[in-house]
>>> print(open('upload-v4.tsv').read())   # TSV, C-alpha atoms and all ligand atoms
chain	number	residue	atom	x	y	z
A	1	MET	CA	152.10	103.52	92.67
A	2	ILE	CA	148.87	102.74	94.51
A	3	ILE	CA	146.95	102.36	91.26
A	4	LEU	CA	149.56	99.94	90.00
A	5	ALA	CA	149.26	97.78	93.12
A	6	VAL	CA	145.47	97.61	92.80
A	7	LEU	CA	145.75	96.69	89.14
A	8	CYS	CA	148.20	93.90	89.91
A	9	LEU	CA	145.95	92.49	92.60
A	10	SER	CA	142.91	92.37	90.37
A	11	PHE	CA	144.99	90.91	87.54
A	12	PHE	CA	146.19	88.02	89.70
A	13	SER	CA	142.81	87.30	91.25
A	14	CYS	CA	141.17	87.22	87.81
A	15	SER	CA	143.79	84.95	86.39
A	16	GLU	CA	143.00	82.06	88.79
A	17	ALA	CA	141.23	79.30	86.90
A	18	LYS	CA	137.59	78.79	87.84
A	19	LEU	CA	136.50	75.21	88.39
A	20	PRO	CA	133.15	73.56	87.70
A	21	PRO	CA	131.08	72.29	90.71
A	22	GLN	CA	133.07	69.87	92.86
A	23	THR	CA	131.74	66.63	94.38
A	24	GLU	CA	133.18	64.53	97.18
A	25	TYR	CA	131.92	61.79	99.46
A	26	VAL	CA	131.66	63.13	103.03
A	27	PHE	CA	129.26	62.37	105.93
A	28	GLY	CA	128.54	59.03	104.24
A	29	THR	CA	126.87	60.84	101.37
A	30	VAL	CA	127.52	62.72	98.13
A	31	CYS	CA	128.36	66.38	98.74
A	32	THR	CA	128.45	68.87	95.87
A	33	VAL	CA	129.43	72.53	96.06
A	34	ASN	CA	129.02	75.01	93.22
A	35	MET	CA	130.66	78.41	93.65
A	36	PHE	CA	129.95	79.48	90.07
A	37	ASP	CA	132.34	82.25	88.92
A	38	ASP	CA	134.19	82.39	92.25
A	39	GLY	CA	135.07	78.70	92.42
A	40	THR	CA	138.86	78.48	92.55
A	41	ALA	CA	140.77	75.30	93.42
A	42	GLU	CA	141.90	76.92	96.66
A	43	LEU	CA	138.35	77.78	97.76
A	44	TYR	CA	136.98	74.33	96.94
A	45	ALA	CA	139.88	72.75	98.85
A	46	ASP	CA	139.11	75.02	101.81
A	47	VAL	CA	135.42	74.07	101.81
A	48	PHE	CA	135.94	70.31	101.43
A	49	SER	CA	138.69	70.15	104.03
A	50	THR	CA	136.32	71.92	106.46
A	51	LEU	CA	133.62	69.35	105.70
A	52	LYS	CA	136.00	66.39	106.15
A	53	ASN	CA	137.31	67.88	109.37
A	54	LEU	CA	133.78	68.10	110.75
A	55	ASP	CA	133.02	64.52	109.69
A	56	ASP	CA	136.21	63.38	111.45
A	57	LYS	CA	135.03	65.03	114.67
A	58	PHE	CA	131.33	64.13	114.62
A	59	SER	CA	131.03	60.75	112.91
A	60	VAL	CA	129.87	57.78	114.99
A	61	ASN	CA	131.32	55.53	112.28
A	62	LYS	CA	134.87	56.66	112.99
A	63	ASN	CA	136.29	55.16	116.18
A	64	ASP	CA	138.59	58.08	116.89
A	65	SER	CA	136.08	60.89	116.32
A	66	GLU	CA	135.40	63.16	119.29
A	67	ILE	CA	131.80	61.91	119.49
A	68	SER	CA	132.96	58.26	119.44
A	69	ARG	CA	135.39	59.00	122.26
A	70	VAL	CA	132.60	60.50	124.36
A	71	ASN	CA	130.47	57.42	123.58
A	72	GLN	CA	133.32	55.02	124.44
A	73	ASN	CA	133.69	56.75	127.81
A	74	ALA	CA	129.98	56.66	128.69
A	75	GLY	CA	129.55	56.07	132.41
A	76	VAL	CA	133.33	56.31	132.87
A	77	SER	CA	134.70	59.83	132.46
A	78	LYS	CA	134.37	63.18	130.77
A	79	VAL	CA	136.18	63.77	127.48
A	80	GLU	CA	137.73	66.98	126.20
A	81	ILE	CA	136.07	68.16	122.99
A	82	SER	CA	136.65	71.06	120.60
A	83	SER	CA	134.57	74.22	120.74
A	84	ASP	CA	132.46	73.42	117.67
A	85	VAL	CA	131.56	69.96	119.02
A	86	PHE	CA	130.62	71.62	122.32
A	87	GLU	CA	128.54	74.23	120.46
A	88	LEU	CA	126.58	71.64	118.46
A	89	LEU	CA	126.01	69.36	121.46
A	90	LYS	CA	124.71	72.34	123.42
A	91	LEU	CA	122.35	73.40	120.63
A	92	SER	CA	121.20	69.77	120.18
A	93	LYS	CA	120.27	69.54	123.85
A	94	LEU	CA	118.39	72.83	123.60
A	95	ILE	CA	116.46	71.61	120.53
A	96	ALA	CA	115.66	68.32	122.30
A	97	GLY	CA	114.16	70.39	125.15
A	98	LYS	CA	112.04	72.47	122.75
A	99	THR	CA	110.82	69.50	120.68
A	100	ASP	CA	109.78	67.17	123.49
A	101	CYS	CA	112.74	64.97	122.42
A	102	ALA	CA	111.26	64.38	118.94
A	103	PHE	CA	114.76	65.47	117.97
A	104	ASN	CA	117.02	63.66	120.40
A	105	PRO	CA	120.85	63.75	120.14
A	106	VAL	CA	121.27	60.75	122.46
A	107	LEU	CA	119.20	58.14	120.61
A	108	GLY	CA	122.41	56.27	119.77
A	109	ALA	CA	121.51	53.10	121.70
A	110	LEU	CA	118.31	52.67	119.65
A	111	ILE	CA	119.92	53.76	116.37
A	112	GLN	CA	122.73	51.20	116.81
A	113	LEU	CA	120.21	48.48	117.70
A	114	TRP	CA	118.25	48.98	114.47
A	115	GLY	CA	121.45	49.42	112.41
A	116	ILE	CA	119.47	50.89	109.52
A	117	GLY	CA	121.67	51.48	106.49
A	118	THR	CA	124.25	48.96	107.78
A	119	GLU	CA	124.76	45.27	107.00
A	120	ARG	CA	123.21	44.21	110.32
A	121	GLN	CA	119.90	46.06	109.85
A	122	ALA	CA	117.03	43.97	111.26
A	123	VAL	CA	113.99	44.30	113.50
A	124	PRO	CA	115.47	44.04	116.99
A	125	ASP	CA	114.23	41.91	119.83
A	126	SER	CA	111.50	43.84	121.70
A	127	ALA	CA	113.23	43.37	125.10
A	128	LYS	CA	116.32	45.04	123.64
A	129	ILE	CA	114.23	47.94	122.32
A	130	GLU	CA	112.62	48.41	125.74
A	131	ARG	CA	116.04	48.41	127.36
A	132	ALA	CA	117.63	50.87	124.88
A	133	LYS	CA	114.62	53.21	125.23
A	134	LYS	CA	115.54	53.72	128.89
A	135	HIS	CA	118.94	55.14	127.95
A	136	CYS	CA	117.95	58.06	125.72
A	137	ASN	CA	117.68	60.92	128.19
A	138	PRO	CA	119.48	64.11	127.05
A	139	ASP	CA	120.05	65.00	130.73
A	140	SER	CA	122.65	62.21	130.75
A	141	LEU	CA	124.77	64.37	128.45
A	142	VAL	CA	126.63	66.82	130.67
A	143	LEU	CA	128.57	69.67	129.05
A	144	THR	CA	131.11	71.71	130.98
A	145	GLU	CA	133.65	74.46	130.36
A	146	ASP	CA	136.78	74.77	132.44
A	147	GLY	CA	139.47	77.39	131.89
A	148	GLY	CA	138.77	77.68	128.16
A	149	ALA	CA	138.56	73.90	127.65
A	150	PHE	CA	135.32	72.07	126.76
A	151	PHE	CA	134.16	68.70	128.05
A	152	ALA	CA	131.32	66.26	127.41
A	153	GLU	CA	130.31	63.39	129.64
A	154	LEU	CA	127.66	60.72	129.35
A	155	THR	CA	126.75	59.99	132.95
A	156	ASP	CA	124.76	56.87	131.95
A	157	GLY	CA	126.97	54.02	130.72
A	158	GLU	CA	124.40	52.86	128.13
A	159	THR	CA	123.61	56.25	126.59
A	160	GLN	CA	125.12	57.08	123.20
A	161	ILE	CA	125.26	60.28	121.16
A	162	ASP	CA	124.26	60.30	117.48
A	163	LEU	CA	124.20	63.63	115.67
A	164	GLY	CA	123.27	62.20	112.25
A	165	GLY	CA	120.07	64.26	112.31
A	166	ILE	CA	121.77	67.65	112.62
A	167	VAL	CA	125.44	67.52	111.59
A	168	LYS	CA	124.94	68.15	107.87
A	169	GLY	CA	122.95	71.29	108.68
A	170	PHE	CA	125.70	72.47	111.01
A	171	ALA	CA	128.28	71.75	108.31
A	172	ALA	CA	126.31	73.66	105.66
A	173	ASP	CA	126.25	76.72	107.94
A	174	GLU	CA	130.02	76.40	108.46
A	175	VAL	CA	130.50	76.38	104.68
A	176	VAL	CA	128.34	79.49	104.42
A	177	LYS	CA	130.66	81.24	106.92
A	178	ILE	CA	133.61	80.53	104.60
A	179	LEU	CA	131.66	81.74	101.56
A	180	SER	CA	130.86	85.02	103.33
A	181	GLN	CA	134.44	85.51	104.54
A	182	LYS	CA	135.83	84.92	101.06
A	183	ASN	CA	133.30	87.19	99.38
A	184	VAL	CA	131.83	84.45	97.23
A	185	GLN	CA	128.88	86.02	95.41
A	186	LYS	CA	126.68	82.98	95.04
A	187	ALA	CA	126.86	79.26	95.70
A	188	VAL	CA	124.83	76.08	96.00
A	189	VAL	CA	125.88	73.71	98.79
A	190	ASP	CA	124.30	70.25	98.58
A	191	LEU	CA	125.31	67.90	101.38
A	192	GLY	CA	123.39	64.75	100.43
A	193	GLY	CA	120.16	66.66	99.80
A	194	ASN	CA	120.72	69.08	102.65
A	195	ILE	CA	120.69	72.25	100.54
A	196	TYR	CA	121.95	75.76	101.10
A	197	VAL	CA	121.54	78.36	98.37
A	198	PHE	CA	123.79	81.30	99.10
A	199	GLY	CA	123.74	84.84	97.74
A	200	GLN	CA	121.61	86.33	95.05
A	201	LYS	CA	120.86	83.99	92.16
A	202	ASP	CA	120.62	86.71	89.58
A	203	LYS	CA	121.50	90.30	90.52
A	204	ASP	CA	119.88	92.01	87.54
A	205	LYS	CA	116.59	90.18	87.42
A	206	ASN	CA	116.39	89.56	91.18
A	207	ARG	CA	115.25	86.00	90.54
A	208	LYS	CA	114.99	83.58	93.44
A	209	TRP	CA	116.56	80.15	93.72
A	210	ARG	CA	114.10	77.33	92.95
A	211	ILE	CA	114.48	74.08	94.85
A	212	GLY	CA	112.40	71.01	94.08
A	213	ILE	CA	111.06	68.81	96.90
A	214	LYS	CA	111.50	65.21	95.79
A	215	ASN	CA	108.48	63.06	95.16
A	216	PRO	CA	108.76	60.38	97.87
A	217	ASP	CA	107.03	57.72	95.74
A	218	GLY	CA	110.35	57.20	93.96
A	219	GLU	CA	108.59	56.74	90.59
A	220	THR	CA	107.80	60.32	89.57
A	221	THR	CA	110.78	62.50	88.81
A	222	GLU	CA	108.54	65.57	88.95
A	223	PRO	CA	108.99	67.33	92.35
A	224	VAL	CA	105.95	67.49	94.66
A	225	LYS	CA	106.65	71.16	95.12
A	226	ILE	CA	109.13	73.83	94.12
A	227	VAL	CA	110.15	76.29	96.82
A	228	SER	CA	111.50	79.72	95.94
A	229	VAL	CA	114.25	80.97	98.23
A	230	ASP	CA	116.23	84.23	98.30
A	231	SER	CA	119.16	82.83	100.24
A	232	GLY	CA	118.85	80.05	102.79
A	233	SER	CA	118.52	76.36	103.43
A	234	VAL	CA	116.06	73.62	102.49
A	235	VAL	CA	116.37	70.28	104.28
A	236	THR	CA	114.20	67.19	103.87
A	237	SER	CA	113.87	64.16	106.14
A	238	GLY	CA	112.28	61.27	104.28
A	239	ASN	CA	111.39	57.67	105.01
A	240	TYR	CA	112.69	56.75	101.55
A	241	GLU	CA	116.29	57.82	102.31
A	242	ARG	CA	117.45	54.80	104.30
A	243	PHE	CA	115.26	51.82	105.09
A	244	PHE	CA	114.81	48.07	104.84
A	245	ILE	CA	111.69	45.99	104.28
A	246	SER	CA	110.86	43.00	106.46
A	247	ASP	CA	107.58	41.03	106.17
A	248	GLY	CA	106.26	43.76	103.89
A	249	ILE	CA	106.85	46.50	106.45
A	250	ARG	CA	109.19	49.41	105.74
A	251	TYR	CA	111.54	50.26	108.59
A	252	HIS	CA	113.24	53.61	108.03
A	253	HIS	CA	116.00	55.56	109.76
A	254	ILE	CA	114.09	58.22	111.75
A	255	ILE	CA	113.42	56.79	115.18
A	256	ASP	CA	110.68	57.79	117.61
A	257	GLY	CA	112.29	57.59	121.06
A	258	ARG	CA	108.88	57.08	122.69
A	259	THR	CA	108.15	53.83	120.84
A	260	GLY	CA	111.72	52.80	120.03
A	261	PHE	CA	110.52	52.16	116.45
A	262	PRO	CA	110.82	54.13	113.19
A	263	ALA	CA	108.45	57.11	113.45
A	264	GLU	CA	104.92	56.46	112.23
A	265	SER	CA	103.49	59.94	111.92
A	266	GLY	CA	101.92	59.32	108.51
A	267	PHE	CA	104.49	61.25	106.48
A	268	SER	CA	106.81	60.25	103.68
A	269	SER	CA	108.84	63.41	104.05
A	270	VAL	CA	109.09	66.70	105.92
A	271	SER	CA	111.02	69.68	104.54
A	272	VAL	CA	112.08	72.80	106.41
A	273	VAL	CA	113.08	76.11	104.81
A	274	TYR	CA	114.99	78.61	106.95
A	275	GLU	CA	118.13	80.77	106.89
A	276	LYS	CA	120.07	78.47	109.24
A	277	SER	CA	120.61	74.94	107.98
A	278	VAL	CA	121.30	73.54	111.46
A	279	PHE	CA	117.69	74.30	112.46
A	280	CYS	CA	116.33	73.01	109.13
A	281	ASP	CA	118.12	69.70	109.69
A	282	ALA	CA	117.11	69.19	113.32
A	283	LEU	CA	113.55	70.37	112.72
A	284	SER	CA	112.95	68.20	109.65
A	285	THR	CA	113.83	65.19	111.82
A	286	ALA	CA	111.76	66.52	114.75
A	287	TYR	CA	108.64	67.25	112.70
A	288	PHE	CA	108.91	63.87	110.99
A	289	VAL	CA	108.52	62.35	114.46
A	290	GLY	CA	106.18	64.95	116.00
A	291	GLY	CA	103.82	65.60	113.07
A	292	GLU	CA	102.28	68.75	111.64
A	293	LYS	CA	100.50	69.79	114.84
A	294	ALA	CA	103.73	70.13	116.81
A	295	ASP	CA	104.76	73.67	117.79
A	296	PHE	CA	108.53	73.27	117.69
A	297	VAL	CA	109.17	76.40	115.57
A	298	GLN	CA	107.21	78.53	118.06
A	299	ASN	CA	108.97	76.90	121.03
A	300	LEU	CA	112.33	77.79	119.51
A	301	GLY	CA	111.15	81.35	118.79
A	302	LEU	CA	112.09	81.15	115.10
A	303	LYS	CA	110.56	83.34	112.38
A	304	ASP	CA	110.39	83.07	108.58
A	305	VAL	CA	110.27	79.29	108.62
A	306	GLN	CA	108.39	77.24	106.03
A	307	LEU	CA	107.37	73.61	106.60
A	308	ILE	CA	106.29	71.20	103.87
A	309	PHE	CA	104.81	67.85	104.92
A	310	VAL	CA	104.22	65.14	102.32
A	311	LYS	CA	101.77	62.59	103.67
A	312	ASN	CA	101.95	58.89	102.86
A	313	ASP	CA	98.98	59.31	100.49
A	314	GLY	CA	100.85	62.06	98.61
A	315	THR	CA	98.93	65.07	99.92
A	316	VAL	CA	101.01	68.10	100.80
A	317	ILE	CA	100.54	70.29	103.89
A	318	GLU	CA	102.31	73.64	104.04
A	319	GLN	CA	102.86	75.89	107.02
A	320	SER	CA	104.61	79.24	107.36
A	321	TYR	CA	105.71	80.99	110.51
A	401	LIG	P1	117.63	63.06	109.05
A	401	LIG	O1	117.82	62.35	107.78
A	401	LIG	O2	118.25	64.41	109.13
A	401	LIG	O3	116.19	63.11	109.48
A	401	LIG	O4	118.44	62.29	110.19
A	401	LIG	C1	118.30	60.95	110.41
A	401	LIG	C2	119.48	60.48	111.17
A	401	LIG	O5	119.48	61.10	112.47
A	401	LIG	C3	119.45	58.99	111.44
A	401	LIG	O6	120.17	58.29	110.47
A	401	LIG	C4	120.06	58.89	112.83
A	401	LIG	O7	121.48	58.95	112.73
A	401	LIG	C5	119.59	60.15	113.49
A	401	LIG	N1	118.24	60.07	114.10
A	401	LIG	C6	117.26	59.17	113.90
A	401	LIG	N2	116.16	59.47	114.61
A	401	LIG	C7	116.45	60.62	115.26
A	401	LIG	C8	115.72	61.45	116.17
A	401	LIG	N3	114.46	61.19	116.51
A	401	LIG	N4	116.35	62.52	116.69
A	401	LIG	C9	117.63	62.81	116.35
A	401	LIG	N5	118.36	62.10	115.50
A	401	LIG	C10	117.78	61.00	114.96
A	402	MG	MG	117.73	66.12	110.11
>>> encode(input="upload-v4.tsv", output="structure tokens")
Amino acid sequence: MIILAVLCLSFFSCSEAKLPPQTEYVFGTVCTVNMFDDGTAELYADVFSTLKNLDDKFSVNKNDSEISRVNQNAGVSKVEISSDVFELLKLSKLIAGKTDCAFNPVLGALIQLWGIGTERQAVPDSAKIERAKKHCNPDSLVLTEDGGAFFAELTDGETQIDLGGIVKGFAADEVVKILSQKNVQKAVVDLGGNIYVFGQKDKDKNRKWRIGIKNPDGETTEPVKIVSVDSGSVVTSGNYERFFISDGIRYHHIIDGRTGFPAESGFSSVSVVYEKSVFCDALSTAYFVGGEKADFVQNLGLKDVQLIFVKNDGTVIEQSY
């Protein structure tokens, strides 16, 4: 009897059709997930609905997202948020503290002013930059818990949250939780270049995953470097991702809160390799602003982290911790 039940179970699970990699547009970018031999329609639907759910909560481009509601109530009142929004806001504040605000979750006033990647992108008036710069203090974001409910409040009426520099990393880690729960053997999660390679690539030969770091010059298709990873995340922040050119100057989407301008640290891109994508994402943004001498990884107490800096002249600097 027992044997029969086991046989039936394995028969039904094997009979589910396996799908090729699936792609959908989420977080304003192209997201592709490949679950190889485990990729059923049900699992892909589970993963993509999780991603869309997160985008609905975190996006500053959706008026009714939880983050937008906190922003709309800046200087007015606290807003109830869900536990995952609370968790990511809390971590973002912690990372801001450990990176000297090179990664700053409340740069929204400056980010909106520049509007990079939108139709209104332009070099803002310097008085407006100076003004917005004064409203980017993470201490203005107050997080509280009360009887199992979570709240966020912006105590400064001109401060705005923007989690564009960390949310895809957080989302990749959430997908990995599903993959583990569902016993998926291996997968590649690509959220607009924010990569997570999960599981062992090849059990027999014990081969590692190989991920190419894009050549920022945009002309060469050859990667500047190939990183080998057992299982983990590789995230790149680059000045070629979103930008506009005005009077021959390139203005890109990673903002230095100290100057109020796109970061000028001399890099075209910074990549971070680590087991948690949320840290890769935040740190790639932070190191792009802070440069290769910054000690953010040490401040956060992380180990087994690899950093790859591509300088504007094409030279590559690598660091391992
Ligand atoms: P990434 O491509 O991960 O480096 O993130 C860039 C996005 O994060 C931008 O499009 C903004 O939404 C936001 N952002 C820009 N500058 C910063 C910064 N210094 N700290 C945190 N988020 C930022
Ligand atoms: Mg980032």
>>> axis_aligned_box(input="upload-v4.tsv", around="stretch 267-281 of chain A", padding_each_side="3 Å", output="JSON")
{"center_x": 112.9, "center_y": 70.5, "center_z": 108.1, "size_x": 22.8, "size_y": 26.5, "size_z": 14.8}
>>> atom_distance(input="upload-v4.tsv", atom1="atom CA of A:Lys311", atom2="atom CA of A:Glu130")
28.4 Å
>>> residues_around(input="upload-v4.tsv", residues="stretch 192-201 of chain A", least_positions_apart="3", cutoff="9 Å", atoms="only C-alpha atoms", output="ChimeraX atom specification")
/A:26-32,168-169,172-173,176,179,184-189,205-209,211,229-236,275-277,280-281
>>> closest_residue(input="upload-v4.tsv", among="A:Lys18, A:Asp56, A:Gly75, A:Ser228", to="A:Asp37", atoms="all atoms listed in the file")
A:Lys18
>>> closest_residue(input="upload-v4.tsv", among="A:Ile129, A:Val33, A:Ala109, A:Ala171", to="A:Lys52", atoms="all atoms listed in the file")
A:Ala171
>>> residues_near_ligand(input="upload-v4.tsv", ligand="ligand LIG 401 (chain A)", cutoff="8 Å", atoms="only C-alpha atoms and all ligand atoms", output="ChimeraX atom specification")
/A:101-108,111,116,162-166,168,235-238,241-242,253-257,262-263,281-282,284-286,288-289
>>> residues_around(input="upload-v4.tsv", residues="A:Val310", least_positions_apart="6", cutoff="10 Å", atoms="only C-alpha atoms", output="list in words")
Ile213, Lys214, Asn215, Pro216, Val224, Lys225, Gly238, Gly266, Phe267, Ser268, Ser269, Val270, Ser271, Phe288, Val316, Ile317 and Glu318 of chain A
>>> closest_residue(input="upload-v4.tsv", among="A:Ser92, A:Gln160, A:Gln112, A:Ala45", to="A:His135", atoms="all atoms listed in the file")
A:Gln160
>>> closest_residue(input="upload-v4.tsv", among="A:Asn239, A:Asn71, A:Gln121, A:Ser49", to="ligand MG 402 (chain A)", atoms="only C-alpha atoms and all ligand atoms")
A:Asn239
>>> closest_residue(input="upload-v4.tsv", among="A:Phe279, A:Gly117, A:Tyr44, A:Asp64", to="ligand MG 402 (chain A)", atoms="only C-alpha atoms and all ligand atoms")
A:Phe279
>>> closest_residue(input="upload-v4.tsv", among="A:Ala149, A:Leu154, A:Cys136, A:Leu51", to="A:Glu24", atoms="only C-alpha atoms")
A:Leu51
>>> residues_around(input="upload-v4.tsv", residues="A:Thr155", least_positions_apart="2", cutoff="7 Å", atoms="all atoms listed in the file", output="list in words")
Ala74, Gly75, Ser140, Leu141, Glu153 and Gly157 of chain A
>>> residues_around(input="upload-v4.tsv", residues="A:Glu42", least_positions_apart="2", cutoff="12 Å", atoms="all atoms listed in the file", output="PyMOL selection string")
chain A and resi 13+16-19+22+35+38-40+44-49+182
>>> atom_distance(input="upload-v4.tsv", atom1="atom CA of A:Asn299", atom2="atom CA of A:Tyr274")
15.4 Å
>>> atom_distance(input="upload-v4.tsv", atom1="atom CA of A:Phe58", atom2="atom CA of A:Val85")
7.3 Å
>>> residues_around(input="upload-v4.tsv", residues="A:Ser246", least_positions_apart="3", cutoff="9 Å", atoms="only C-alpha atoms", output="PyMOL selection string")
chain A and resi 122-123+249-251
>>> decode(input="upload-v4.tsv", residues="stretch 168-187 of chain A", atoms="N, CA, C and O atoms", output="compact mmCIF listing (two decimals), in the first residue's frame")
# COMPACT_ATOMS: atom_id res chain seq x y z
N LYS A 168 15.94 44.94 -5.93
CA LYS A 168 16.09 43.76 -6.78
C LYS A 168 16.91 42.68 -6.08
O LYS A 168 16.66 41.49 -6.24
N GLY A 169 17.87 43.12 -5.27
CA GLY A 169 18.66 42.16 -4.48
C GLY A 169 17.78 41.47 -3.45
O GLY A 169 17.83 40.24 -3.28
N PHE A 170 16.95 42.25 -2.78
CA PHE A 170 16.01 41.70 -1.80
C PHE A 170 15.09 40.69 -2.49
O PHE A 170 14.85 39.58 -1.98
N ALA A 171 14.59 41.06 -3.66
CA ALA A 171 13.66 40.19 -4.40
C ALA A 171 14.35 38.90 -4.82
O ALA A 171 13.75 37.81 -4.74
N ALA A 172 15.60 38.99 -5.25
CA ALA A 172 16.33 37.78 -5.67
C ALA A 172 16.45 36.82 -4.49
O ALA A 172 16.25 35.61 -4.64
N ASP A 173 16.74 37.36 -3.30
CA ASP A 173 16.83 36.50 -2.11
C ASP A 173 15.48 35.88 -1.76
O ASP A 173 15.42 34.74 -1.28
N GLU A 174 14.40 36.60 -1.99
CA GLU A 174 13.06 36.05 -1.75
C GLU A 174 12.78 34.89 -2.71
O GLU A 174 12.18 33.88 -2.33
N VAL A 175 13.22 35.05 -3.96
CA VAL A 175 13.04 33.95 -4.93
C VAL A 175 13.83 32.74 -4.48
O VAL A 175 13.34 31.60 -4.53
N VAL A 176 15.05 32.98 -4.00
CA VAL A 176 15.89 31.86 -3.54
C VAL A 176 15.22 31.10 -2.40
O VAL A 176 15.30 29.88 -2.32
N LYS A 177 14.50 31.82 -1.53
CA LYS A 177 13.76 31.15 -0.44
C LYS A 177 12.74 30.18 -1.02
O LYS A 177 12.58 29.05 -0.55
N ILE A 178 12.03 30.62 -2.07
CA ILE A 178 11.03 29.74 -2.70
C ILE A 178 11.73 28.52 -3.32
O ILE A 178 11.28 27.38 -3.15
N LEU A 179 12.84 28.77 -4.02
CA LEU A 179 13.55 27.68 -4.67
C LEU A 179 13.98 26.62 -3.65
O LEU A 179 13.86 25.42 -3.90
N SER A 180 14.46 27.08 -2.49
CA SER A 180 14.88 26.14 -1.44
C SER A 180 13.69 25.37 -0.90
O SER A 180 13.75 24.14 -0.78
N GLN A 181 12.60 26.11 -0.61
CA GLN A 181 11.40 25.44 -0.07
C GLN A 181 10.87 24.37 -1.01
O GLN A 181 10.38 23.34 -0.59
N LYS A 182 10.93 24.66 -2.30
CA LYS A 182 10.34 23.75 -3.28
C LYS A 182 11.33 22.72 -3.81
O LYS A 182 11.07 22.07 -4.83
N ASN A 183 12.49 22.66 -3.17
CA ASN A 183 13.51 21.69 -3.56
C ASN A 183 13.96 21.79 -5.01
O ASN A 183 14.25 20.77 -5.64
N VAL A 184 13.99 22.99 -5.53
CA VAL A 184 14.53 23.17 -6.88
C VAL A 184 16.04 22.90 -6.79
O VAL A 184 16.71 23.38 -5.87
N GLN A 185 16.55 22.12 -7.73
CA GLN A 185 17.96 21.72 -7.65
C GLN A 185 18.91 22.82 -8.09
O GLN A 185 19.93 23.05 -7.46
N LYS A 186 18.56 23.47 -9.20
CA LYS A 186 19.41 24.58 -9.65
C LYS A 186 18.58 25.58 -10.44
O LYS A 186 17.57 25.22 -11.06
N ALA A 187 19.04 26.84 -10.39
CA ALA A 187 18.29 27.89 -11.08
C ALA A 187 19.19 29.10 -11.32
O ALA A 187 20.17 29.31 -10.61
